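Take a look at the structure set out below.
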Number of protein chains: 2
Amino acid sequence: MTKPTARERLAEAAFALFDERGYEQTTVDDITERAGLGRTTFFRNYRTKEDVIFPDHDRLLEQVAERLRTAGPANPLGAISDAVRLVLLHYVGEGDLARRRYALTSKVPALHDREMVSGARYQRLFREFIAGRRLGAAGQQGGEPAQLRAEMAAAAVVAAHNHVLRRWLRGESPDPVREVDEALRLVTELFAAPSGEAEGGTTVVAFRTGQDIDSLIPALRRIAGQPA
Amino acid sequence: MTKPTARERLAEAAFALFDERGYEQTTVDDITERAGLGRTTFFRNYRTKEDVIFPDHDRLLEQVAERLRTAGPANPLGAISDAVRLVLLHYVGEGDLARRRYALTSKVPALHDREMVSGARYQRLFREFIAGRRLGAAGQQGGEPAQLRAEMAAAAVVAAHNHVLRRWLRGESPDPVREVDEALRLVTELFAAPSGEAEGGTTVVAFRTGQDIDSLIPALRRIAGQPA
DNA sequence: CGTTAAAATGGTACTGAGTACCGCGGGCGG
DNA sequence: CCGCCCGCGGTACTCAGTACCATTTTAACG
């Protein structure tokens, strides 16, 4: 075994101490002392104390941004799906580490907050991407309501990811990739729908009913303005 | 005019200095000095420096929680609508103060983050409320997919509020109350729909197309398992 | 193998937020 | 008039994060 880098030793010491005494009860000096390194070295490797726990948030966010940026106009849904899987698989790949982080963020409000902020950053990326493509909207220039739809859709995408991730973190999801695919399918079912503005074509509003299709058709015709 | 309370003088001094030098360039000592008060007094009135800018976040959150808690089972949508309006109207009622805060949060990352966290707290309240009522879900015991739907719906509610609020803050919305009502109507259109689980009956997936209804019917039949 | 430049590490000193504690003064009821 | 309590001020502390410089280690190159 080759000698671990300073960064690794710091992370190891930090997690060990956080587990032993808790996050707030552990000072940066404590960490550097256990790691046998200087305080300066800590802040060179991690910008803040929190960064030890969320080391590659920025890199991951940048990867998502890149994935969305380089997405051809072909299938934007695929790009979103890819991006979400990118993040999910990153955490799943971390395995136990991700679960230890979850245990910490569940107990320490400051860390929980930080995770919420991180989620908001992803949401922003998705919102801009969706608004830029005006996903599922018919109108070319996507007015104000399209912006609102984009914001909601982005929120739903992030909610889908978070939901599945948390289930996996709690050990409730044996196959998170399949689950996130299903969750994203639900998102597109909800949002890849009509824009509020109809301009020609046929708009079908989603609903659920005990009736069969034949009895629904008249209502559909009425809504669409295409009487039998 | 009666003498302003210490709390008010501190807030006034703080905002003045934030406008002049910026948030990070202003220390708490600067604020207390301009207010002619002691440093201790500042932290007695505001737990943190950020709290000067977000004074009644906690109270507002508690009001929302209370509104949702005391909602009869009659119309849960009304409770959500009320709660959202509660928050929106609070900020609108602040008038210029809210806009000054917006100017700050737009420029200072730390303050922007804090606002995101606050949004996440609201989302949590709405999620719990919706999940508890299993809004629009057919199943009685609301399984896992119902949880997911609740999370997405809550995210959409918060997105709707934020969208309208930000429009008003930017001076783009002359009638934010009407807009938020419309935005919430969109949310219910999206979510007061079928649960993902079919259990008898007919599920129609939302979509938009240039085709007319007659050409769609075969596909609908196929999906619903009701061939002509 | 020795020299040297660059990179990593360490130490010191500082700023500023937030906490703990105590002492003071002024209003208010008894 | 007295005591009591509450709001205020001051001091001293902890700890995160920054700036700067000295030192060591590493690696490249002759």
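Numbering starts fresh at 1 for the residues of each chain in the structure tokens, the chains themselves are lettered A, B, ... in the order given, and ligands are numbered from 1 as they appear.
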
Open item on the list: Select, as a ChimeraX atom specification, those residues of chain B with any atom no more than 10 Å from chain C (distances computed using only C-alpha atoms (C1' of nucleotides)).
Closed with: /B:27-29,43,47-49

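Using only C-alpha atoms (C1' of nucleotides), the chain B residues found within 12 Å of chain D amount to B:Thr5, B:Ala6, B:Arg7, B:Thr32, B:Gly36, B:Leu37, B:Gly38, B:Arg39, B:Thr40, B:Thr41, B:Phe42, B:Phe43, B:Arg44, B:Asn45.
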
TODO: Measure the distance from CA of Asp82 in chain A to CA of Glu94 in chain A in Å and round it to one decimal.
DONE: 18.3 Å

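By chain and then residue number, the residues within 8 Å of Ser81 in chain A are Leu77, Arg85, Asp181 and Leu184 of chain A, counting only C-alpha atoms (C1' of nucleotides) and disregarding those fewer than 4 positions away in sequence.
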
Would you export the selected residues with C-alpha atoms as a short mmCIF file (atom, residue, chain, number, x, y, z; two decimals), in the first residue's frame, please?
```cif
data_model
loop_
_atom_site.label_atom_id
_atom_site.label_comp_id
_atom_site.auth_asym_id
_atom_site.auth_seq_id
_atom_site.Cartn_x
_atom_site.Cartn_y
_atom_site.Cartn_z
CA LEU A 77 -34.95 14.23 -22.02
CA ARG A 85 -27.96 9.33 -13.35
CA ASP A 181 -35.65 6.01 -14.38
CA LEU A 184 -38.06 10.55 -14.30
#
```

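Every protein or nucleic acid residue with an atom no more than 12 Å from Gly171 in chain B, counting only C-alpha atoms (C1' of nucleotides) and leaving out same-chain residues fewer than 2 positions away, appears here: B:Val92, B:Gly95, B:Asp96, B:Ala98, B:Arg99, B:Tyr102, B:Val164, B:Leu165, B:Arg166, B:Arg167, B:Trp168, B:Leu169, B:Ser173, B:Pro174, B:Asp175, B:Pro176.
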
Task: Computed interatomic separation between CA of Leu190 in chain B and CA of Arg67 in chain A (Å) - done: 27.8 Å

Task: Residues flagged helix (DSSP H, G or I) by DSSP in range 42-138 of chain A, as a PyMOL selection string - done: chain A and resi 42-45+50-52+57-69+76-94+96-107+109-133

Task: Using only C-alpha atoms: which of A:Ile31, A:Leu61, A:Leu148, A:Ala110 has the shortest distance to chain B - done: A:Leu148

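Between CA of Glu66 in chain B and CA of Leu89 in chain B lies a distance of 16.5 Å.
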
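Distances from A:His90, A:Arg34, A:Arg101, A:Arg149 to chain B were compared using only C-alpha atoms, and the smallest one belongs to A:Arg149.
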
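Compared by their closest atoms to chain A, and using only C-alpha atoms, the residues B:Ala131, B:Val117, B:Leu125, B:Ala150 rank with B:Val117 nearest.
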